[in-house]
Protein chains: 2
Amino acid sequence: MRADARKNHDHVLAVAGAVIAEQGAEASMRDIARRADVGLATLLRHFPTREALLEALLRTGFDELTVKADALETSSSPEDALVSWLRDFVACADNYRGVVALMMSAIGDKQSALHASCVTMRAAGTRLLARAQAEGVARTDIDGTDLFALAGSLAWLGDQPSLAPRVDHLFGVVMSAILTDPASADARTTAAPGNR
Amino acid sequence: MRADARKNHDHVLAVAGAVIAEQGAEASMRDIARRADVGLATLLRHFPTREALLEALLRTGFDELTVKADALETSSSPEDALVSWLRDFVACADNYRGVVALMMSAIGDKQSALHASCVTMRAAGTRLLARAQAEGVARTDIDGTDLFALAGSLAWLGDQPSLAPRVDHLFGVVMSAILTDPASADARTTAAPGNR
DNA sequence: ACCTGAACACCGTTCAAGT
DNA sequence: ACCTGAACACCGTTCAAGT
(Lines give C-alpha, C1' and ligand atoms only; values in the text may rest on other atoms or scores of the structure.)
Protein backbone atom coordinates (compact mmCIF):
# COMPACT_ATOMS: atom_id res chain seq x y z
CA MET A 1 0.00 0.00 0.00
CA ARG A 2 1.32 3.44 -0.87
CA ALA A 3 2.22 5.73 1.98
CA ASP A 4 -0.55 8.25 1.24
CA ALA A 5 -3.08 5.44 0.99
CA ARG A 6 -1.97 4.03 4.33
CA LYS A 7 -2.35 7.45 5.92
CA ASN A 8 -5.82 7.81 4.41
CA HIS A 9 -6.73 4.34 5.63
CA ASP A 10 -5.70 5.01 9.21
CA HIS A 11 -7.31 8.44 9.29
CA VAL A 12 -10.60 7.15 7.93
CA LEU A 13 -10.57 4.27 10.41
CA ALA A 14 -10.02 6.61 13.35
CA VAL A 15 -12.86 8.89 12.29
CA ALA A 16 -15.14 5.93 11.63
CA GLY A 17 -14.43 4.64 15.13
CA ALA A 18 -15.48 7.96 16.63
CA VAL A 19 -18.64 8.25 14.53
CA ILE A 20 -19.71 4.65 15.13
CA ALA A 21 -18.97 4.94 18.85
CA GLU A 22 -21.47 7.76 19.08
CA GLN A 23 -24.03 6.81 16.42
CA GLY A 24 -23.86 3.02 16.43
CA ALA A 25 -23.00 0.45 13.79
CA GLU A 26 -25.68 1.74 11.41
CA ALA A 27 -24.10 5.16 11.08
CA SER A 28 -24.24 6.58 7.55
CA MET A 29 -21.17 5.70 5.48
CA ARG A 30 -21.59 9.03 3.71
CA ASP A 31 -21.48 10.81 7.04
CA ILE A 32 -18.31 8.98 8.05
CA ALA A 33 -16.67 9.99 4.75
CA ARG A 34 -17.77 13.60 5.24
CA ARG A 35 -16.40 13.71 8.78
CA ALA A 36 -13.11 12.27 7.49
CA ASP A 37 -12.95 14.88 4.69
CA VAL A 38 -12.75 12.16 2.12
CA GLY A 39 -14.86 11.12 -0.83
CA LEU A 40 -17.49 8.50 -0.13
CA ALA A 41 -15.98 6.34 -2.85
CA THR A 42 -12.60 6.48 -1.10
CA LEU A 43 -14.07 5.21 2.14
CA LEU A 44 -15.77 2.41 0.26
CA ARG A 45 -12.60 1.32 -1.49
CA HIS A 46 -10.73 1.03 1.78
CA PHE A 47 -13.68 -0.73 3.40
CA PRO A 48 -15.96 -2.11 0.71
CA THR A 49 -18.71 -3.03 3.14
CA ARG A 50 -19.91 -1.93 6.54
CA GLU A 51 -18.83 -5.30 7.92
CA ALA A 52 -15.30 -4.78 6.64
CA LEU A 53 -15.13 -1.44 8.42
CA LEU A 54 -16.44 -2.88 11.66
CA GLU A 55 -14.13 -5.86 11.41
CA ALA A 56 -11.18 -3.45 11.31
CA LEU A 57 -12.57 -1.55 14.30
CA LEU A 58 -13.26 -4.66 16.34
CA ARG A 59 -10.12 -6.63 15.50
CA THR A 60 -8.07 -5.23 18.38
CA GLY A 61 -10.66 -6.04 20.99
CA PHE A 62 -11.30 -9.47 19.51
CA ASP A 63 -7.62 -10.31 19.47
CA GLU A 64 -7.38 -9.31 23.12
CA LEU A 65 -10.31 -11.56 23.94
CA THR A 66 -8.65 -14.49 22.22
CA VAL A 67 -5.41 -13.94 24.13
CA LYS A 68 -7.33 -13.57 27.35
CA ALA A 69 -9.18 -16.83 26.78
CA ASP A 70 -5.86 -18.65 26.48
CA ALA A 71 -4.50 -17.00 29.59
CA LEU A 72 -7.62 -17.73 31.65
CA GLU A 73 -7.41 -21.40 30.79
CA THR A 74 -4.47 -21.79 33.14
CA SER A 75 -4.68 -18.79 35.48
CA SER A 76 -8.21 -19.14 36.82
CA SER A 77 -10.68 -21.74 37.96
CA PRO A 78 -12.89 -23.06 35.16
CA GLU A 79 -15.85 -21.23 36.61
CA ASP A 80 -14.12 -17.87 37.08
CA ALA A 81 -12.49 -18.13 33.65
CA LEU A 82 -15.81 -18.69 31.89
CA VAL A 83 -17.65 -15.93 33.73
CA SER A 84 -14.84 -13.40 33.42
CA TRP A 85 -14.35 -14.02 29.71
CA LEU A 86 -18.06 -13.83 28.93
CA ARG A 87 -18.31 -10.58 30.85
CA ASP A 88 -15.50 -9.12 28.74
CA PHE A 89 -17.08 -10.45 25.57
CA VAL A 90 -20.36 -8.71 26.35
CA ALA A 91 -18.54 -5.50 27.25
CA CYS A 92 -16.56 -5.61 24.00
CA ALA A 93 -19.65 -6.13 21.88
CA ASP A 94 -21.30 -3.22 23.66
CA ASN A 95 -18.48 -0.85 22.70
CA TYR A 96 -20.32 -0.18 19.46
CA ARG A 97 -24.10 -0.16 19.64
CA GLY A 98 -25.68 -2.47 17.07
CA VAL A 99 -22.56 -4.48 16.37
CA VAL A 100 -23.82 -7.63 18.05
CA ALA A 101 -26.69 -7.90 15.60
CA LEU A 102 -24.17 -7.90 12.77
CA MET A 103 -22.09 -10.49 14.61
CA MET A 104 -25.01 -12.86 15.06
CA SER A 105 -25.80 -12.54 11.39
CA ALA A 106 -22.12 -12.96 10.43
CA ILE A 107 -21.70 -16.22 12.34
CA GLY A 108 -23.96 -17.86 9.79
CA ASP A 109 -22.74 -15.98 6.72
CA LYS A 110 -19.38 -17.06 5.36
CA GLN A 111 -19.32 -14.07 3.02
CA SER A 112 -19.33 -11.57 5.88
CA ALA A 113 -16.07 -9.85 6.74
CA LEU A 114 -16.97 -10.48 10.37
CA HIS A 115 -17.44 -14.22 9.93
CA ALA A 116 -13.91 -15.32 10.83
CA SER A 117 -13.82 -13.12 13.94
CA CYS A 118 -17.13 -14.50 15.13
CA VAL A 119 -16.07 -18.09 14.61
CA THR A 120 -12.90 -17.37 16.57
CA MET A 121 -14.88 -15.85 19.43
CA ARG A 122 -17.23 -18.80 19.52
CA ALA A 123 -14.29 -21.21 19.54
CA ALA A 124 -12.66 -19.38 22.44
CA GLY A 125 -15.88 -19.49 24.43
CA THR A 126 -16.38 -23.12 23.55
CA ARG A 127 -12.97 -24.04 25.00
CA LEU A 128 -13.72 -22.29 28.29
CA LEU A 129 -17.16 -23.89 28.42
CA ALA A 130 -15.77 -27.36 27.73
CA ARG A 131 -13.28 -27.05 30.55
CA ALA A 132 -15.99 -25.94 32.95
CA GLN A 133 -18.20 -28.81 31.83
CA ALA A 134 -15.37 -31.32 32.27
CA GLU A 135 -14.91 -30.09 35.83
CA GLY A 136 -18.60 -30.39 36.52
CA VAL A 137 -19.21 -26.68 37.09
CA ALA A 138 -21.19 -25.96 33.90
CA ARG A 139 -24.31 -27.69 32.63
CA THR A 140 -23.53 -30.13 29.86
CA ASP A 141 -26.64 -29.66 27.74
CA ILE A 142 -25.37 -26.51 26.04
CA ASP A 143 -22.63 -26.05 23.45
CA GLY A 144 -20.49 -23.18 22.19
CA THR A 145 -23.19 -21.92 19.85
CA ASP A 146 -25.68 -21.77 22.72
CA LEU A 147 -23.14 -19.86 24.77
CA PHE A 148 -22.46 -17.47 21.89
CA ALA A 149 -26.20 -16.92 21.50
CA LEU A 150 -26.76 -16.24 25.20
CA ALA A 151 -23.80 -13.87 25.41
CA GLY A 152 -24.97 -12.15 22.25
CA SER A 153 -28.48 -11.73 23.59
CA LEU A 154 -27.09 -10.08 26.71
CA ALA A 155 -24.95 -7.76 24.60
CA TRP A 156 -28.05 -6.93 22.57
CA LEU A 157 -29.87 -5.93 25.75
CA GLY A 158 -26.98 -3.56 26.36
CA ASP A 159 -27.85 -1.87 23.06
CA GLN A 160 -31.35 -1.05 24.28
CA PRO A 161 -31.14 2.22 26.22
CA SER A 162 -34.05 1.38 28.53
CA LEU A 163 -32.68 -2.06 29.43
CA ALA A 164 -28.93 -1.47 29.44
CA PRO A 165 -28.87 -0.74 33.21
CA ARG A 166 -30.18 -4.27 33.80
CA VAL A 167 -27.50 -6.09 31.82
CA ASP A 168 -25.08 -6.61 34.71
CA HIS A 169 -27.84 -8.06 36.82
CA LEU A 170 -29.24 -10.22 34.02
CA PHE A 171 -25.74 -11.41 33.23
CA GLY A 172 -25.68 -12.92 36.70
CA VAL A 173 -29.10 -14.47 36.21
CA VAL A 174 -28.08 -16.15 32.97
CA MET A 175 -24.75 -17.25 34.44
CA SER A 176 -26.62 -18.94 37.27
CA ALA A 177 -28.37 -21.04 34.64
CA ILE A 178 -25.11 -22.04 32.96
CA LEU A 179 -23.10 -22.81 36.09
CA THR A 180 -23.92 -25.83 38.19
CA ASP A 181 -23.10 -26.35 41.81
CA PRO A 182 -20.14 -28.79 41.78
CA ALA A 183 -21.43 -30.41 44.98
CA SER A 184 -24.78 -31.26 43.43
CA ALA A 185 -23.08 -32.28 40.19
CA ASP A 186 -20.95 -34.58 42.29
CA ALA A 187 -24.07 -35.80 44.05
CA ARG A 188 -25.68 -36.61 40.73
CA THR A 189 -22.81 -38.81 39.65
CA THR A 190 -21.78 -40.43 42.96
CA ALA A 191 -24.74 -40.43 45.35
CA ALA A 192 -28.03 -42.30 45.05
CA PRO A 193 -26.72 -44.80 42.51
CA GLY A 194 -30.14 -46.41 42.30
CA ASN A 195 -31.68 -43.14 41.15
CA ARG A 196 -32.39 -43.04 37.46
CA MET B 1 -64.36 7.11 9.07
CA ARG B 2 -65.88 7.01 5.63
CA ALA B 3 -66.72 3.62 4.17
CA ASP B 4 -64.14 3.84 1.38
CA ALA B 5 -61.50 4.93 3.85
CA ARG B 6 -62.31 2.01 6.13
CA LYS B 7 -62.00 -0.36 3.19
CA ASN B 8 -58.67 1.18 2.24
CA HIS B 9 -57.49 0.93 5.84
CA ASP B 10 -58.31 -2.75 6.14
CA HIS B 11 -56.88 -3.60 2.73
CA VAL B 12 -53.61 -1.80 3.43
CA LEU B 13 -53.33 -3.46 6.81
CA ALA B 14 -53.79 -6.92 5.34
CA VAL B 15 -51.16 -6.32 2.67
CA ALA B 16 -48.78 -4.81 5.21
CA GLY B 17 -49.17 -7.90 7.37
CA ALA B 18 -48.18 -10.13 4.47
CA VAL B 19 -45.20 -8.01 3.46
CA ILE B 20 -43.91 -7.61 7.00
CA ALA B 21 -44.39 -11.31 7.69
CA GLU B 22 -42.03 -12.11 4.85
CA GLN B 23 -39.61 -9.16 4.94
CA GLY B 24 -39.59 -8.24 8.61
CA ALA B 25 -40.51 -5.09 10.50
CA GLU B 26 -38.07 -2.95 8.49
CA ALA B 27 -39.85 -3.58 5.20
CA SER B 28 -40.03 -0.52 2.96
CA MET B 29 -43.18 1.53 3.49
CA ARG B 30 -43.04 2.42 -0.18
CA ASP B 31 -43.02 -1.25 -1.07
CA ILE B 32 -46.02 -1.94 1.16
CA ALA B 33 -47.91 0.89 -0.52
CA ARG B 34 -46.98 -0.44 -3.96
CA ARG B 35 -48.12 -3.95 -3.10
CA ALA B 36 -51.41 -2.52 -1.80
CA ASP B 37 -51.91 -0.50 -5.03
CA VAL B 38 -52.15 2.67 -3.01
CA GLY B 39 -50.19 5.91 -2.89
CA LEU B 40 -47.39 6.03 -0.35
CA ALA B 41 -48.97 9.12 1.16
CA THR B 42 -52.20 7.21 1.68
CA LEU B 43 -50.46 4.47 3.61
CA LEU B 44 -48.75 7.10 5.75
CA ARG B 45 -51.97 8.89 6.57
CA HIS B 46 -53.59 5.70 7.80
CA PHE B 47 -50.45 4.76 9.71
CA PRO B 48 -48.31 7.84 10.23
CA THR B 49 -45.34 5.85 11.52
CA ARG B 50 -43.96 2.35 11.22
CA GLU B 51 -44.77 1.82 14.88
CA ALA B 52 -48.41 2.72 14.30
CA LEU B 53 -48.63 0.14 11.53
CA LEU B 54 -47.00 -2.55 13.65
CA GLU B 55 -49.18 -1.69 16.60
CA ALA B 56 -52.24 -2.37 14.47
CA LEU B 57 -50.75 -5.65 13.27
CA LEU B 58 -49.76 -6.80 16.74
CA ARG B 59 -52.85 -5.67 18.64
CA THR B 60 -54.76 -8.92 18.17
CA GLY B 61 -51.94 -11.10 19.41
CA PHE B 62 -51.22 -8.78 22.30
CA ASP B 63 -54.84 -8.73 23.37
CA GLU B 64 -54.87 -12.53 23.31
CA LEU B 65 -51.77 -12.59 25.48
CA THR B 66 -53.40 -10.28 28.00
CA VAL B 67 -56.52 -12.44 28.16
CA LYS B 68 -54.40 -15.54 28.47
CA ALA B 69 -52.42 -14.07 31.36
CA ASP B 70 -55.66 -13.51 33.27
CA ALA B 71 -56.88 -17.01 32.53
CA LEU B 72 -53.59 -18.64 33.54
CA GLU B 73 -53.67 -16.88 36.87
CA THR B 74 -56.41 -19.22 38.04
CA SER B 75 -56.20 -22.23 35.72
CA SER B 76 -52.57 -23.25 36.13
CA SER B 77 -49.90 -23.57 38.76
CA PRO B 78 -47.82 -20.42 39.19
CA GLU B 79 -44.87 -22.11 37.56
CA ASP B 80 -46.74 -23.50 34.55
CA ALA B 81 -48.58 -20.22 34.07
CA LEU B 82 -45.38 -18.19 33.95
CA VAL B 83 -43.57 -20.57 31.60
CA SER B 84 -46.51 -21.06 29.29
CA TRP B 85 -47.22 -17.34 29.00
CA LEU B 86 -43.61 -16.43 28.35
CA ARG B 87 -43.39 -19.08 25.68
CA ASP B 88 -46.42 -17.57 23.95
CA PHE B 89 -45.00 -14.08 24.34
CA VAL B 90 -41.77 -15.08 22.61
CA ALA B 91 -43.68 -16.87 19.86
CA CYS B 92 -45.90 -13.81 19.32
CA ALA B 93 -42.94 -11.45 19.07
CA ASP B 94 -41.32 -13.80 16.57
CA ASN B 95 -44.32 -13.63 14.25
CA TYR B 96 -42.75 -10.55 12.68
CA ARG B 97 -38.98 -10.51 12.44
CA GLY B 98 -37.46 -7.38 13.93
CA VAL B 99 -40.50 -6.37 15.92
CA VAL B 100 -38.97 -7.15 19.29
CA ALA B 101 -36.24 -4.55 18.74
CA LEU B 102 -38.97 -1.95 18.22
CA MET B 103 -40.78 -3.20 21.32
CA MET B 104 -37.70 -2.89 23.51
CA SER B 105 -37.20 0.62 22.24
CA ALA B 106 -40.89 1.45 22.67
CA ILE B 107 -41.02 0.42 26.34
CA GLY B 108 -38.85 3.42 27.14
CA ASP B 109 -40.38 5.84 24.64
CA LYS B 110 -43.76 7.24 25.59
CA GLN B 111 -44.15 8.76 22.13
CA SER B 112 -44.09 5.37 20.41
CA ALA B 113 -47.36 3.92 19.18
CA LEU B 114 -46.17 0.61 20.63
CA HIS B 115 -45.53 2.02 24.10
CA ALA B 116 -48.92 1.21 25.63
CA SER B 117 -48.91 -2.35 24.29
CA CYS B 118 -45.45 -2.97 25.69
CA VAL B 119 -46.36 -1.62 29.09
CA THR B 120 -49.40 -3.87 29.10
CA MET B 121 -47.31 -6.92 28.20
CA ARG B 122 -44.81 -6.12 30.91
CA ALA B 123 -47.61 -5.70 33.46
CA ALA B 124 -49.13 -9.07 32.52
CA GLY B 125 -45.77 -10.78 32.88
CA THR B 126 -45.14 -8.99 36.15
CA ARG B 127 -48.40 -10.34 37.62
CA LEU B 128 -47.50 -13.92 36.69
CA LEU B 129 -43.98 -13.46 38.03
CA ALA B 130 -45.22 -11.99 41.31
CA ARG B 131 -47.54 -14.94 41.89
CA ALA B 132 -44.72 -17.40 41.22
CA GLN B 133 -42.45 -15.46 43.57
CA ALA B 134 -45.10 -15.41 46.29
CA GLU B 135 -45.38 -19.19 46.01
CA GLY B 136 -41.63 -19.58 46.22
CA VAL B 137 -41.17 -21.03 42.73
CA ALA B 138 -39.47 -18.03 41.10
CA ARG B 139 -36.37 -16.20 42.23
CA THR B 140 -37.20 -12.95 43.98
CA ASP B 141 -34.28 -10.84 42.77
CA ILE B 142 -35.84 -10.05 39.38
CA ASP B 143 -38.78 -7.83 38.50
CA GLY B 144 -41.14 -7.44 35.56
CA THR B 145 -38.68 -5.35 33.59
CA ASP B 146 -36.00 -8.02 33.96
CA LEU B 147 -38.50 -10.62 32.81
CA PHE B 148 -39.51 -8.47 29.84
CA ALA B 149 -35.85 -8.03 28.94
CA LEU B 150 -35.08 -11.74 29.16
CA ALA B 151 -38.13 -12.71 27.12
CA GLY B 152 -37.27 -10.01 24.60
CA SER B 153 -33.71 -11.22 24.28
CA LEU B 154 -34.97 -14.74 23.55
CA ALA B 155 -37.37 -13.39 20.95
CA TRP B 156 -34.47 -11.47 19.43
CA LEU B 157 -32.49 -14.68 19.11
CA GLY B 158 -35.46 -16.02 17.17
CA ASP B 159 -34.92 -13.19 14.67
CA GLN B 160 -31.39 -14.41 13.93
CA PRO B 161 -31.63 -17.12 11.27
CA SER B 162 -28.53 -18.96 12.44
CA LEU B 163 -29.64 -19.05 16.08
CA ALA B 164 -33.40 -19.42 15.76
CA PRO B 165 -33.24 -23.24 16.00
CA ARG B 166 -31.71 -22.86 19.46
CA VAL B 167 -34.42 -20.65 20.92
CA ASP B 168 -36.60 -23.43 22.31
CA HIS B 169 -33.62 -24.96 24.05
CA LEU B 170 -32.30 -21.64 25.33
CA PHE B 171 -35.78 -20.76 26.54
CA GLY B 172 -35.51 -23.76 28.85
CA VAL B 173 -32.06 -22.70 29.99
CA VAL B 174 -33.21 -19.20 30.89
CA MET B 175 -36.36 -20.52 32.55
CA SER B 176 -34.21 -22.74 34.77
CA ALA B 177 -32.54 -19.57 36.01
CA ILE B 178 -35.85 -17.89 36.79
CA LEU B 179 -37.59 -20.82 38.44
CA THR B 180 -36.45 -22.03 41.84
CA ASP B 181 -36.95 -25.45 43.32
CA PRO B 182 -39.78 -24.92 45.87
CA ALA B 183 -38.14 -27.47 48.22
CA SER B 184 -34.89 -25.55 48.38
CA ALA B 185 -36.78 -22.26 48.62
CA ASP B 186 -38.58 -23.78 51.57
CA ALA B 187 -35.28 -24.90 53.02
CA ARG B 188 -33.95 -21.37 52.78
CA THR B 189 -36.79 -19.93 54.82
CA THR B 190 -37.35 -22.71 57.38
CA ALA B 191 -34.09 -24.59 57.86
CA ALA B 192 -30.88 -23.40 59.46
CA PRO B 193 -32.49 -20.54 61.39
CA GLY B 194 -29.11 -19.40 62.64
CA ASN B 195 -27.96 -18.83 59.11
CA ARG B 196 -27.90 -15.19 58.09
C1' DA C 1 -63.18 13.87 3.49
C1' DC C 2 -60.08 11.29 1.27
C1' DC C 3 -56.43 10.43 -2.03
C1' DT C 4 -51.98 11.13 -4.69
C1' DG C 5 -48.07 12.72 -7.65
C1' DA C 6 -44.17 15.25 -7.16
C1' DA C 7 -40.43 17.59 -4.81
C1' DC C 8 -37.20 17.04 -1.17
C1' DA C 9 -33.20 15.45 1.41
C1' DC C 10 -31.32 11.43 2.45
C1' DC C 11 -29.03 6.54 1.63
C1' DG C 12 -25.34 2.89 -0.55
C1' DT C 13 -23.47 1.44 -5.20
C1' DT C 14 -21.00 2.11 -9.27
C1' DC C 15 -17.86 4.01 -12.59
C1' DA C 16 -15.68 7.16 -15.85
C1' DA C 17 -12.51 10.74 -15.39
C1' DG C 18 -8.85 13.08 -13.01
C1' DT C 19 -4.08 13.38 -10.46
C1' DA D 1 -1.89 3.64 -7.81
C1' DC D 2 -4.98 6.26 -5.69
C1' DC D 3 -8.79 9.48 -5.43
C1' DT D 4 -13.44 11.61 -6.49
C1' DG D 5 -17.62 13.86 -8.47
C1' DA D 6 -21.63 12.52 -10.51
C1' DA D 7 -25.31 9.46 -11.93
C1' DC D 8 -28.27 5.94 -10.22
C1' DA D 9 -31.98 3.63 -7.76
C1' DC D 10 -33.57 3.56 -3.51
C1' DC D 11 -35.66 5.48 1.20
C1' DG D 12 -39.31 8.28 4.38
C1' DT D 13 -41.42 13.06 4.76
C1' DT D 14 -44.19 16.66 3.25
C1' DC D 15 -47.65 19.20 0.78
C1' DA D 16 -50.18 21.41 -2.94
C1' DA D 17 -53.50 19.87 -6.07
C1' DG D 18 -57.08 16.79 -7.44
C1' DT D 19 -61.66 14.01 -6.75
# chains A, B, ... in the order shown; residues from 1 in each chain; ligands from 1
call {"tool": "closest_atom_pairs", "arguments": {"of": "region 125-163 of chain B", "to": "region 103-125 of chain A", "cutoff": "8 Å", "atoms": "only C-alpha atoms", "output": "JSON lines"}}
result
{"residue": "B:Gln160", "atom": "CA", "partner": "A:Ser105", "partner_atom": "CA", "distance": 6.4}
{"residue": "B:Pro161", "atom": "CA", "partner": "A:Ser105", "partner_atom": "CA", "distance": 7.4}
{"residue": "B:Ser162", "atom": "CA", "partner": "A:Gly108", "partner_atom": "CA", "distance": 5.4}
{"residue": "B:Leu163", "atom": "CA", "partner": "A:Met104", "partner_atom": "CA", "distance": 7.8}
call {"tool": "closest_atom_pairs", "arguments": {"of": "chain D", "to": "chain A", "cutoff": "12 Å", "atoms": "only C-alpha atoms (C1' of nucleotides)", "output": "JSON lines"}}
result
{"residue": "D:DA1", "atom": "C1'", "partner": "A:Arg2", "partner_atom": "CA", "distance": 7.7}
{"residue": "D:DC2", "atom": "C1'", "partner": "A:Ala5", "partner_atom": "CA", "distance": 7.0}
{"residue": "D:DC3", "atom": "C1'", "partner": "A:Thr42", "partner_atom": "CA", "distance": 6.5}
{"residue": "D:DT4", "atom": "C1'", "partner": "A:Gly39", "partner_atom": "CA", "distance": 5.9}
{"residue": "D:DG5", "atom": "C1'", "partner": "A:Gly39", "partner_atom": "CA", "distance": 8.6}
{"residue": "D:DA6", "atom": "C1'", "partner": "A:Ala41", "partner_atom": "CA", "distance": 11.3}
call {"tool": "interface_residues", "arguments": {"of": "chain A", "to": "chain B", "cutoff": "10 Å", "atoms": "only C-alpha atoms", "output": "PyMOL selection string"}}
result
chain A and resi 101-102+104-109+139+141-142+145-150+152-157+159-164+166-167+169-170+172-179
call {"tool": "atom_distance", "arguments": {"atom1": "CA of Glu26 (chain A)", "atom2": "CA of Leu86 (chain A)"}}
result
24.6 Å
call {"tool": "select_by_dssp", "arguments": {"residues": "region 20-191 of chain B", "states": "helix (DSSP H, G or I)", "output": "number ranges by chain"}}
result
B: 20-23, 29-35, 40-46, 50-75, 78-93, 99-106, 115-134, 144-159, 164-178, 182-190
call {"tool": "atom_distance", "arguments": {"atom1": "CA of Asp10 (chain B)", "atom2": "CA of Leu58 (chain B)"}}
result
14.2 Å
call {"tool": "residues_around", "arguments": {"residues": "DG12 (chain D)", "least_positions_apart": "2", "cutoff": "12 Å", "atoms": "only C-alpha atoms (C1' of nucleotides)", "output": "list in words"}}
result
Ala27, Ser28, Met29, Arg30, Asp31, Leu40, Ala41, Leu43, Leu44, Pro48, Thr49 and Arg50 of chain B; DC8, DA9, DC10 and DC11 of chain C; DC10 and DT14 of chain D
call {"tool": "residues_around", "arguments": {"residues": "DA7 (chain D)", "least_positions_apart": "5", "cutoff": "12 Å", "atoms": "only C-alpha atoms (C1' of nucleotides)", "output": "count of residues only"}}
result
4
call {"tool": "closest_residue", "arguments": {"among": "B:Ala138, B:Glu51, B:Asp94, B:Ser84", "to": "Asp181 (chain B)", "atoms": "only C-alpha atoms"}}
result
B:Ala138
